file final.cif (mmCIF, C-alpha atoms and all ligand atoms)
data_final
loop_
_atom_site.label_atom_id
_atom_site.label_comp_id
_atom_site.auth_asym_id
_atom_site.auth_seq_id
_atom_site.Cartn_x
_atom_site.Cartn_y
_atom_site.Cartn_z
CA MET A 166 27.42 32.25 -25.34
CA LYS A 167 27.08 30.15 -28.49
CA ALA A 168 23.49 29.11 -29.24
CA VAL A 169 22.10 27.21 -32.23
CA LEU A 170 18.45 26.91 -33.26
CA ASP A 171 17.54 23.37 -32.22
CA HIS A 172 13.83 23.29 -32.81
CA ILE A 173 10.57 25.23 -32.77
CA GLY A 174 7.82 23.85 -30.54
CA ILE A 175 4.25 23.96 -31.81
CA ALA A 176 1.33 23.20 -29.50
CA VAL A 177 -1.04 20.83 -31.30
CA LYS A 178 -4.66 20.22 -30.45
CA ASP A 179 -5.44 17.67 -33.17
CA ILE A 180 -2.41 15.49 -33.95
CA GLY A 181 -4.22 13.90 -36.91
CA ALA A 182 -4.75 17.28 -38.55
CA ALA A 183 -1.14 18.25 -37.78
CA ILE A 184 0.17 15.08 -39.43
CA ALA A 185 -2.15 15.67 -42.40
CA PHE A 186 -0.54 19.07 -42.90
CA TYR A 187 3.13 18.63 -41.96
CA ARG A 188 3.56 15.10 -43.35
CA ASP A 189 0.98 14.65 -46.07
CA ALA A 190 0.59 18.19 -47.45
CA LEU A 191 4.11 19.58 -46.84
CA GLY A 192 5.75 16.20 -47.45
CA LEU A 193 7.96 16.30 -44.35
CA GLU A 194 9.00 13.23 -42.42
CA ILE A 195 7.70 12.82 -38.85
CA GLU A 196 9.86 10.86 -36.40
CA PRO A 197 8.23 8.29 -34.09
CA PRO A 198 6.67 10.04 -31.08
CA GLU A 199 8.45 10.27 -27.74
CA GLN A 200 6.83 10.62 -24.33
CA VAL A 201 8.21 13.29 -21.96
CA ALA A 202 6.90 11.97 -18.70
CA SER A 203 7.60 14.99 -16.52
CA ASP A 204 5.72 17.35 -18.85
CA HIS A 205 2.76 15.10 -19.76
CA VAL A 206 3.38 15.54 -23.48
CA ARG A 207 4.03 13.36 -26.48
CA VAL A 208 6.45 14.98 -28.90
CA HIS A 209 6.70 14.36 -32.63
CA PHE A 210 9.88 15.74 -34.20
CA VAL A 211 9.79 16.92 -37.81
CA PRO A 212 13.31 17.43 -39.22
CA VAL A 213 13.70 20.55 -41.36
CA GLY A 214 17.37 20.83 -42.39
CA GLU A 215 19.66 21.55 -39.43
CA SER A 216 16.69 22.20 -37.12
CA LYS A 217 13.41 20.52 -36.32
CA LEU A 218 9.81 21.34 -35.69
CA GLU A 219 8.45 19.76 -32.53
CA LEU A 220 4.74 18.98 -32.47
CA LEU A 221 3.62 18.96 -28.84
CA GLU A 222 0.61 16.86 -27.99
CA PRO A 223 -0.61 16.94 -24.37
CA THR A 224 -1.28 13.52 -22.80
CA THR A 225 -3.24 14.74 -19.77
CA ALA A 226 -5.21 17.84 -18.83
CA GLU A 227 -2.43 18.52 -16.26
CA SER A 228 0.08 19.25 -18.99
CA THR A 229 1.23 22.85 -19.39
CA VAL A 230 0.70 22.37 -23.13
CA ALA A 231 -2.95 21.46 -22.45
CA ARG A 232 -3.33 24.64 -20.43
CA TYR A 233 -1.63 26.64 -23.20
CA LEU A 234 -4.02 25.21 -25.80
CA GLU A 235 -6.98 26.01 -23.61
CA LYS A 236 -5.84 29.61 -23.23
CA ARG A 237 -4.50 30.41 -26.69
CA GLY A 238 -5.36 27.54 -29.00
CA PRO A 239 -2.79 25.76 -31.17
CA GLY A 240 0.28 27.66 -32.34
CA LEU A 241 3.90 28.58 -31.69
CA HIS A 242 4.73 27.42 -28.18
CA HIS A 243 8.48 27.91 -27.77
CA ILE A 244 11.82 28.23 -29.52
CA THR A 245 14.66 26.02 -28.39
CA LEU A 246 18.27 27.12 -28.54
CA ARG A 247 20.96 24.53 -28.06
CA VAL A 248 23.93 25.43 -25.86
CA ASP A 249 27.05 23.46 -24.95
CA ASP A 250 26.85 24.00 -21.19
CA ILE A 251 23.37 24.70 -19.85
CA ASP A 252 24.57 25.39 -16.28
CA ALA A 253 26.96 28.05 -17.56
CA ALA A 254 24.24 29.52 -19.79
CA LEU A 255 21.79 29.80 -16.86
CA ALA A 256 24.46 31.34 -14.62
CA HIS A 257 25.30 33.86 -17.35
CA LEU A 258 21.64 34.81 -17.89
CA THR A 259 21.10 35.19 -14.15
CA SER A 260 24.13 37.46 -13.89
CA ARG A 261 22.60 39.64 -16.64
CA GLY A 262 19.31 39.89 -14.75
CA ALA A 263 17.28 37.76 -17.20
CA ARG A 264 14.19 36.24 -15.62
CA LEU A 265 14.16 32.43 -15.68
CA ILE A 266 11.37 29.91 -15.27
CA ASP A 267 13.79 27.09 -14.43
CA GLN A 268 16.72 28.02 -12.19
CA GLN A 269 18.10 24.51 -12.71
CA PRO A 270 18.12 22.29 -15.79
CA ARG A 271 15.69 19.39 -15.89
CA PRO A 272 15.29 16.34 -18.16
CA GLY A 273 13.79 16.95 -21.61
CA ALA A 274 13.17 14.84 -24.71
CA GLU A 275 15.85 12.53 -26.14
CA GLY A 276 17.86 12.44 -22.90
CA SER A 277 18.61 16.16 -23.02
CA LEU A 278 18.71 18.75 -20.24
CA VAL A 279 16.46 21.76 -20.65
CA ALA A 280 15.51 25.00 -18.87
CA PHE A 281 12.98 27.68 -19.80
CA VAL A 282 13.61 31.42 -19.85
CA HIS A 283 10.62 33.57 -18.93
CA PRO A 284 8.92 35.22 -21.96
CA ALA A 285 9.12 38.53 -20.07
CA ALA A 286 12.88 38.44 -20.67
CA SER A 287 12.67 37.47 -24.34
CA GLN A 288 10.11 39.77 -26.00
CA GLY A 289 7.14 37.53 -25.42
CA VAL A 290 8.56 34.30 -26.85
CA LEU A 291 9.08 31.32 -24.57
CA ILE A 292 12.74 30.32 -24.96
CA GLU A 293 13.95 26.89 -24.04
CA LEU A 294 17.66 26.25 -23.55
CA LYS A 295 18.83 22.75 -24.26
CA GLN A 296 21.98 20.80 -23.71
CA ALA A 297 21.94 17.68 -25.87
CA ALA A 298 22.43 14.23 -24.31
CA SER A 299 26.02 13.11 -23.97
CA PRO A 300 26.90 10.20 -26.28
CA PRO A 301 25.01 7.05 -25.27
CA ALA A 302 26.68 4.61 -22.88
CA ALA A 303 28.06 1.32 -24.11
CA SER A 304 25.89 -1.79 -24.34
CA HIS A 305 24.03 -3.02 -21.27
CA ALA A 306 26.30 -5.98 -20.73
CA SER A 307 29.55 -4.06 -20.61
CA SER A 308 28.04 -1.15 -18.71
CA LEU A 309 28.11 -3.21 -15.55
CA THR A 310 31.81 -3.95 -15.31
CA PRO A 311 32.82 -3.23 -11.71
CA SER A 312 36.09 -1.67 -12.81
CA SER A 313 34.23 1.34 -14.24
CA PRO A 314 31.60 2.39 -11.68
CA GLU A 315 31.49 5.93 -13.11
CA ARG A 316 29.95 4.68 -16.31
CA THR A 317 26.35 5.54 -17.05
CA GLU A 318 24.21 2.47 -17.08
CA GLY A 319 21.34 1.37 -19.25
CA ILE A 320 18.28 -0.35 -17.93
CA LEU A 321 18.21 -4.07 -17.16
CA ARG A 322 15.32 -6.34 -18.02
CA HIS A 323 14.79 -9.75 -16.47
CA THR A 324 11.99 -12.26 -16.89
CA LEU A 325 10.91 -14.10 -13.75
CA GLY A 326 8.13 -16.57 -14.56
CA ASP A 327 5.11 -14.51 -15.60
CA LEU A 328 6.64 -11.27 -14.37
CA GLU A 329 9.00 -8.84 -16.01
CA LEU A 330 11.47 -7.02 -13.76
CA ILE A 331 13.08 -3.82 -15.04
CA SER A 332 15.86 -2.22 -13.04
CA LEU A 333 15.86 1.54 -13.64
CA SER A 334 18.06 4.38 -12.43
CA ASP A 335 17.41 7.75 -10.85
CA GLY A 336 21.09 8.66 -11.01
CA TYR A 337 23.62 8.83 -8.20
CA PHE A 338 24.23 10.62 -4.93
CA ARG A 339 26.83 10.58 -2.17
CA LEU A 340 26.69 9.89 1.55
CA ASP A 341 29.37 9.99 4.23
CA GLY A 342 31.32 6.72 4.05
CA GLY A 343 31.59 6.44 7.83
CA SER A 344 27.82 6.74 8.22
CA MET A 345 27.31 4.13 5.48
CA PHE A 346 29.39 1.48 7.24
CA GLY A 347 28.76 2.11 10.96
CA ILE A 348 31.42 0.43 13.08
CA VAL A 349 33.53 -0.80 10.15
CA PRO A 350 36.90 1.04 10.07
CA LYS A 351 37.57 3.28 7.10
CA ALA A 352 40.75 1.29 6.38
CA LEU A 353 38.43 -1.58 5.40
CA TRP A 354 35.46 0.12 3.72
CA ASP A 355 37.55 2.57 1.73
CA LYS A 356 38.86 -0.37 -0.31
CA ARG A 357 35.33 -1.45 -1.25
CA ALA A 358 33.81 2.00 -1.64
CA PRO A 359 36.46 4.71 -2.12
CA ALA A 360 35.69 8.03 -0.41
CA ASP A 361 35.95 11.37 -2.21
CA ASP A 362 37.68 14.45 -0.76
CA ARG A 363 34.63 15.09 1.43
CA ASN A 364 34.67 11.49 2.73
CA ARG A 365 31.57 10.61 0.74
CA ILE A 366 30.97 7.44 -1.25
CA ARG A 367 29.04 7.13 -4.48
CA LEU A 368 25.66 5.42 -4.37
CA ALA A 369 23.14 4.59 -7.05
CA MET A 370 19.37 4.85 -6.85
CA ARG A 371 17.72 1.96 -8.67
CA PRO A 372 13.93 1.79 -8.53
CA LEU A 373 12.55 -1.54 -9.79
CA VAL A 374 9.55 -1.93 -12.09
CA VAL A 375 7.56 -5.16 -11.82
CA ARG A 376 5.17 -5.86 -14.68
CA GLY A 377 2.56 -8.51 -14.12
CA THR A 378 -1.19 -8.22 -13.81
CA ARG A 379 -0.42 -4.59 -13.08
CA THR A 380 2.61 -2.33 -13.43
CA MET A 381 4.35 -1.49 -10.20
CA ILE A 382 7.37 0.61 -9.35
CA ILE A 383 9.22 -0.04 -6.09
CA ASP A 384 10.69 3.21 -4.72
CA ALA A 385 11.29 6.14 -7.06
CA GLY A 386 14.69 7.64 -6.25
CA LEU A 387 15.36 11.21 -5.27
CA GLY A 388 13.20 13.19 -7.68
CA ASP A 389 14.02 16.76 -8.68
CA LYS A 390 12.64 18.97 -5.92
CA GLN A 391 15.91 19.63 -4.09
CA ASP A 392 17.72 22.95 -4.08
CA GLU A 393 21.32 23.72 -4.95
CA LYS A 394 22.54 23.34 -1.34
CA PHE A 395 21.02 19.88 -1.01
CA ARG A 396 22.46 18.77 -4.34
CA ASP A 397 25.89 19.95 -3.26
CA ILE A 398 25.78 18.27 0.16
CA TYR A 399 24.66 14.96 -1.33
CA GLY A 400 26.67 15.18 -4.56
CA VAL A 401 23.51 14.55 -6.58
CA ASP A 402 24.09 13.45 -10.17
CA ARG A 403 20.75 12.95 -11.92
CA ARG A 404 21.88 13.78 -15.45
CA ARG A 405 20.43 10.41 -16.28
CA ASN A 406 17.39 9.84 -14.11
CA LEU A 407 14.10 8.02 -13.71
CA ASP A 408 12.40 10.01 -16.51
CA HIS A 409 15.08 8.86 -18.94
CA THR A 410 15.17 5.24 -17.85
CA LEU A 411 11.37 4.91 -17.74
CA ALA A 412 11.28 6.17 -21.32
CA GLU A 413 14.05 3.71 -22.29
CA ALA A 414 11.91 0.94 -20.85
CA GLY A 415 9.05 2.08 -23.07
CA LEU A 416 7.07 3.31 -20.06
CA SER A 417 5.64 6.62 -19.00
CA ILE A 418 4.46 7.86 -15.63
CA ASP A 419 0.90 7.14 -16.81
CA ASP A 420 1.68 3.41 -17.08
CA ILE A 421 2.35 2.97 -13.36
CA ASP A 422 -0.58 1.49 -11.41
CA ILE A 423 1.15 0.97 -8.08
CA VAL A 424 4.00 2.78 -6.34
CA LEU A 425 5.34 0.66 -3.48
CA ALA A 426 7.53 2.25 -0.80
CA THR A 427 10.16 0.24 1.08
CA HIS A 428 10.39 3.22 3.44
CA LEU A 429 10.12 7.00 3.15
CA HIS A 430 13.73 8.26 3.24
CA PHE A 431 14.38 10.93 0.62
CA ASP A 432 16.53 8.72 -1.60
CA HIS A 433 13.57 6.32 -1.98
CA ALA A 434 10.49 8.56 -1.79
CA GLY A 435 11.84 11.83 -3.26
CA GLY A 436 10.52 10.81 -6.65
CA PHE A 437 7.00 10.14 -5.35
CA THR A 438 5.95 13.77 -5.79
CA ILE A 439 6.72 16.54 -8.23
CA ARG A 440 6.47 20.31 -8.10
CA ASP A 441 4.61 21.61 -11.14
CA ARG A 442 5.35 24.95 -12.78
CA SER A 443 2.82 26.72 -10.59
CA GLY A 444 4.81 25.48 -7.58
CA ARG A 445 2.14 23.02 -6.45
CA LEU A 446 3.22 19.60 -5.13
CA ARG A 447 1.40 16.64 -6.58
CA PRO A 448 1.84 12.88 -7.07
CA ARG A 449 4.44 12.13 -9.76
CA PHE A 450 2.53 9.10 -11.09
CA PRO A 451 -0.94 10.44 -11.89
CA ARG A 452 -2.78 7.11 -12.06
CA ALA A 453 -1.03 5.26 -9.26
CA GLN A 454 -2.02 4.12 -5.80
CA TYR A 455 0.90 4.63 -3.42
CA ILE A 456 1.40 1.84 -0.90
CA VAL A 457 3.19 2.65 2.35
CA ARG A 458 3.58 0.71 5.60
CA ARG A 459 1.48 2.40 8.29
CA GLY A 460 4.22 2.35 10.95
CA GLU A 461 6.68 3.91 8.49
CA TRP A 462 4.13 6.59 7.67
CA GLU A 463 3.71 7.39 11.38
CA ASP A 464 7.49 7.64 11.88
CA ALA A 465 8.01 9.69 8.72
CA THR A 466 5.31 12.19 9.62
CA HIS A 467 6.62 12.49 13.21
CA PRO A 468 10.39 12.62 12.72
CA ASN A 469 12.74 13.11 15.67
CA ALA A 470 16.07 14.89 15.91
CA ARG A 471 17.92 11.82 14.61
CA THR A 472 15.59 10.97 11.70
CA ARG A 473 14.60 14.46 10.56
CA ALA A 474 17.30 14.90 7.90
CA SER A 475 16.06 11.81 6.01
CA TYR A 476 12.31 12.37 6.26
CA LEU A 477 11.24 15.27 4.03
CA LEU A 478 7.49 15.83 4.25
CA ASP A 479 7.15 17.24 0.70
CA ASN A 480 7.97 13.77 -0.61
CA TYR A 481 4.87 12.06 0.81
CA VAL A 482 2.40 14.34 2.63
CA PRO A 483 0.98 15.51 -0.77
CA LEU A 484 0.06 11.86 -1.46
CA ALA A 485 -2.29 11.82 1.53
CA GLU A 486 -3.71 15.17 0.47
CA ALA A 487 -4.35 13.83 -3.04
CA GLY A 488 -6.10 10.75 -1.63
CA VAL A 489 -3.80 8.26 -3.40
CA LEU A 490 -2.25 6.72 -0.31
CA GLN A 491 -2.93 3.16 0.76
CA MET A 492 -1.57 1.91 4.09
CA VAL A 493 -0.58 -1.69 4.78
CA ASP A 494 -0.24 -2.97 8.32
CA ASP A 495 1.16 -6.46 7.88
CA ASP A 496 3.27 -8.57 5.56
CA GLN A 497 1.04 -9.34 2.57
CA THR A 498 0.71 -9.84 -1.18
CA ILE A 499 0.49 -6.52 -3.04
CA MET A 500 -0.14 -8.02 -6.47
CA PRO A 501 0.15 -11.62 -7.67
CA GLY A 502 3.77 -12.71 -7.08
CA VAL A 503 4.78 -9.63 -5.10
CA LYS A 504 4.87 -9.63 -1.30
CA VAL A 505 6.15 -7.16 1.28
CA ARG A 506 8.02 -8.32 4.37
CA ARG A 507 8.98 -6.09 7.27
CA THR A 508 12.70 -6.19 8.11
CA GLY A 509 12.86 -3.38 10.67
CA GLY A 510 16.40 -2.33 11.54
CA HIS A 511 17.13 0.50 9.14
CA THR A 512 13.83 2.06 10.23
CA ALA A 513 11.39 0.35 12.58
CA HIS A 514 9.02 -0.49 9.70
CA HIS A 515 11.44 -0.76 6.77
CA GLN A 516 10.16 -3.46 4.39
CA MET A 517 11.72 -5.52 1.62
CA VAL A 518 9.87 -6.91 -1.38
CA LEU A 519 9.82 -10.60 -2.33
CA ILE A 520 8.94 -11.47 -5.90
CA GLU A 521 8.06 -15.03 -6.92
CA SER A 522 6.82 -16.48 -10.19
CA GLY A 523 7.26 -19.71 -12.13
CA GLY A 524 9.17 -21.32 -9.24
CA ARG A 525 11.82 -18.59 -9.21
CA ALA A 526 12.41 -15.84 -6.69
CA ALA A 527 13.83 -12.34 -6.55
CA ALA A 528 14.07 -9.80 -3.75
CA PHE A 529 14.33 -6.04 -3.61
CA VAL A 530 16.07 -5.60 -0.27
CA ALA A 531 16.35 -1.78 -0.21
CA ASP A 532 18.36 -0.59 2.80
CA LEU A 533 18.61 -4.01 4.44
CA MET A 534 21.65 -4.49 2.14
CA PRO A 535 22.00 -1.23 0.24
CA THR A 536 25.17 -2.30 -1.64
CA THR A 537 27.04 -5.56 -2.16
CA ALA A 538 29.56 -4.31 0.42
CA HIS A 539 26.76 -4.57 3.01
CA ALA A 540 26.35 -8.32 2.51
CA ALA A 541 28.67 -9.14 5.44
CA ASP A 542 27.03 -9.32 8.86
CA ALA A 543 28.80 -6.44 10.60
CA TRP A 544 28.68 -4.05 7.64
CA ILE A 545 25.60 -2.19 8.84
CA MET A 546 24.84 1.46 8.24
CA GLY A 547 25.35 3.97 11.04
CA PHE A 548 22.05 5.47 9.87
CA ASP A 549 20.13 2.38 11.01
CA VAL A 550 17.82 3.10 13.92
CA TYR A 551 17.93 -0.52 15.20
CA PRO A 552 21.21 -2.01 13.94
CA LEU A 553 20.82 -5.30 15.80
CA ASP A 554 17.47 -5.86 14.07
CA THR A 555 19.23 -5.24 10.76
CA LEU A 556 21.75 -7.92 11.73
CA THR A 557 19.06 -10.49 12.55
CA ALA A 558 17.02 -9.74 9.42
CA LYS A 559 20.10 -9.79 7.22
CA GLN A 560 21.30 -13.16 8.56
CA ALA A 561 17.87 -14.71 8.06
CA PHE A 562 17.48 -13.30 4.58
CA ALA A 563 21.00 -14.28 3.46
CA ARG A 564 20.33 -17.89 4.53
CA GLU A 565 17.06 -17.91 2.59
CA ALA A 566 18.67 -16.26 -0.46
CA VAL A 567 21.40 -18.91 -0.61
CA GLU A 568 18.94 -21.79 -0.17
CA LYS A 569 16.41 -20.57 -2.73
CA ASN A 570 18.92 -18.99 -5.12
CA ILE A 571 17.12 -15.65 -4.86
CA LEU A 572 18.05 -12.94 -7.34
CA VAL A 573 18.82 -9.96 -5.09
CA PHE A 574 18.42 -6.37 -6.30
CA PHE A 575 20.79 -3.89 -4.61
CA GLU A 576 19.14 -0.49 -4.71
CA HIS A 577 22.21 1.63 -3.92
CA ASP A 578 25.12 -0.34 -5.35
CA PRO A 579 26.98 1.96 -7.77
CA SER A 580 28.11 -0.82 -10.11
CA LEU A 581 25.89 -3.86 -9.73
CA ALA A 582 22.11 -3.90 -9.99
CA ALA A 583 21.47 -7.50 -9.00
CA GLY A 584 23.26 -10.66 -7.96
CA TYR A 585 23.11 -13.96 -6.11
CA ILE A 586 24.35 -14.38 -2.54
CA ARG A 587 26.85 -17.20 -1.98
CA GLU A 588 28.30 -18.47 1.29
CA GLN A 589 31.53 -20.39 1.62
CA ASP A 590 33.53 -21.10 4.80
CA GLY A 591 31.39 -18.56 6.65
CA ARG A 592 32.15 -15.84 4.12
CA ARG A 593 29.42 -14.24 2.09
CA SER A 594 29.96 -13.03 -1.46
CA ILE A 595 27.86 -11.81 -4.36
CA VAL A 596 27.83 -13.29 -7.84
CA ARG A 597 26.91 -10.84 -10.55
CA ALA A 598 23.61 -11.69 -12.22
CA PHE A 599 23.82 -9.62 -15.41
ZN ZN A 601 16.90 4.58 4.02
ZN ZN A 602 18.54 4.44 1.01
#
call {"tool": "encode", "arguments": {"input": "final.cif", "output": "structure tokens"}}
result
Amino acid sequence: MKAVLDHIGIAVKDIGAAIAFYRDALGLEIEPPEQVASDHVRVHFVPVGESKLELLEPTTAESTVARYLEKRGPGLHHITLRVDDIDAALAHLTSRGARLIDQQPRPGAEGSLVAFVHPAASQGVLIELKQAASPPAASHASSLTPSSPERTEGILRHTLGDLELISLSDGYFRLDGGSMFGIVPKALWDKRAPADDRNRIRLAMRPLVVRGTRTMIIDAGLGDKQDEKFRDIYGVDRRRNLDHTLAEAGLSIDDIDIVLATHLHFDHAGGFTIRDRSGRLRPRFPRAQYIVRRGEWEDATHPNARTRASYLLDNYVPLAEAGVLQMVDDDQTIMPGVKVRRTGGHTAHHQMVLIESGGRAAAFVADLMPTTAHAADAWIMGFDVYPLDTLTAKQAFAREAVEKNILVFFEHDPSLAAGYIREQDGRRSIVRAF
């Protein structure tokens, strides 16, 4: 295995004193700080030749760096070795019996993937393995060309009156194409959404941030709690995920005031909770209130044989335990300009989100129309519990969207984040918005 010294992490209690030494006294340059949301730290890189020093400043008391400082005071925290293929490196270490903290890589600073080796395996020094980010994707505009759905996308920002909408990404996953299109024959859907050798189609997860009087995120993707088997079954690709795209948007998990759930399926609510290094489950967004429809909560906490595979309790029960859950019973305004409306269909209490400001309107329709291919009436998911309710809700919404020129966000479409619905000669189509 080839490994290069990438950086040396130093836990810092007083960032002012650290800057006074490393920048002012030693005369080194300190790069602008970067937030690593999942670890509750702000990192300041200090280039020293081929390698860097990394000053680690905890942002909350929850941070492992805060706990380290409490226990041992400031000092050497870890050494990071850069490898070409982190999965191969972890597999190799496992085969040699080395004890690991992270069995799977997770997102680190600067869009990298990282995993920690236990100090017991490395003579008392915490070793971090790192695979650097792949070269950045092309510009936002060209990243949305439908001819290249495999391309990694950037974030999309849109101003709607007084509100700012930011479409983020939690990566991609795959679901059975037949289940995604219900009664539609494969001969038809395969042209719109080509199946892989396991008959699965590629789907995106696109949480939406709404910034207004408060900062809200609608749904939060899959999160990173799943095991290897799950990731294989669902073809999970989170190399670029919500941590990365939040950071690109200049946001951290601490900026989110409200987390709004359209429903509690794992591809929407998986990112609501996180497992910390002690194995404890806790809310991912430490300051946020989580808003869930009461009926959906009841269904999700009492799944039946048909809904069980989609409702994973670890994604939302810890929210109730942490006291951050707020139930809504009816259609209502959640913050100025943002309303929830029950659609039913996909689940009995599935809700969409209507956003209005400055005389303009947008909608986050979630699984009412998961992709642009689901715009047509009969293209309804086999997963839907009440497909005829989906049909009614979809017809009503499509009419409204055409009349009011609503900007529609498609949460699962692999190549288009948002568009406008058009109807001509009884045929519905989508016009790309960005
Ligand atoms: Zn769903
Ligand atoms: Zn979904």
call {"tool": "closest_residue", "arguments": {"input": "final.cif", "among": "A:Gly174, A:Gly343, A:Pro350, A:Gly415", "to": "Gly240 in chain A", "atoms": "all atoms listed in the file"}}
result
A:Gly174
call {"tool": "atom_distance", "arguments": {"input": "final.cif", "atom1": "CA of Lys569 in chain A", "atom2": "CA of Val424 in chain A"}}
result
26.7 Å
call {"tool": "residues_near_ligand", "arguments": {"input": "final.cif", "ligand": "ligand ZN 602 (chain A)", "cutoff": "10 Å", "atoms": "only C-alpha atoms and all ligand atoms", "output": "list in words"}}
result
Leu340, Met345, Leu368, Ala369, Met370, Asp384, Gly386, Leu387, Thr427, His428, Leu429, His430, Phe431, Asp432, His433, Ala434, Ser475, His511, Ala531, Asp532, Leu533, Met534, Pro535, Thr536, Phe548, Glu576 and His577 of chain A
call {"tool": "atom_distance", "arguments": {"input": "final.cif", "atom1": "CA of Arg339 in chain A", "atom2": "CA of Met546 in chain A"}}
result
14.0 Å
call {"tool": "atom_distance", "arguments": {"input": "final.cif", "atom1": "CA of Asp250 in chain A", "atom2": "CA of Val169 in chain A"}}
result
12.4 Å
call {"tool": "closest_residue", "arguments": {"input": "final.cif", "among": "A:Ile348, A:Ala263, A:Val401, A:Ile320", "to": "Val374 in chain A", "atoms": "all atoms listed in the file"}}
result
A:Ile320
call {"tool": "closest_residue", "arguments": {"input": "final.cif", "among": "A:Leu416, A:Val530, A:Ile251, A:Met381", "to": "ligand ZN 601 (chain A)", "atoms": "all atoms listed in the file"}}
result
A:Val530
call {"tool": "closest_residue", "arguments": {"input": "final.cif", "among": "A:Val550, A:Leu556, A:Leu294, A:Ile499", "to": "ligand ZN 601 (chain A)", "atoms": "all atoms listed in the file"}}
result
A:Val550
call {"tool": "closest_residue", "arguments": {"input": "final.cif", "among": "A:Asp361, A:Glu568, A:Ile418, A:Pro483", "to": "Arg445 in chain A", "atoms": "only C-alpha atoms"}}
result
A:Pro483
call {"tool": "residues_around", "arguments": {"input": "final.cif", "residues": "Leu241 in chain A", "least_positions_apart": "4", "cutoff": "10 Å", "atoms": "all atoms listed in the file", "output": "MDAnalysis selection string"}}
result
chainID A and resid 173:177 219:220 237 290:291
call {"tool": "closest_residue", "arguments": {"input": "final.cif", "among": "A:Thr512, A:Ser287, A:Thr229, A:Gln497", "to": "ligand ZN 601 (chain A)", "atoms": "all atoms listed in the file"}}
result
A:Thr512
call {"tool": "residues_around", "arguments": {"input": "final.cif", "residues": "Arg371 in chain A", "least_positions_apart": "5", "cutoff": "8 Å", "atoms": "all atoms listed in the file", "output": "ChimeraX atom specification"}}
result
/A:332-336,385-386,575-577,582
call {"tool": "axis_aligned_box", "arguments": {"input": "final.cif", "around": "range 423-429 of chain A", "padding_each_side": "8 Å", "output": "lines of an AutoDock Vina configuration file"}}
result
center_x = 5.8
center_y = 3.6
center_z = -2.3
size_x = 25.2
size_y = 22.8
size_z = 27.5
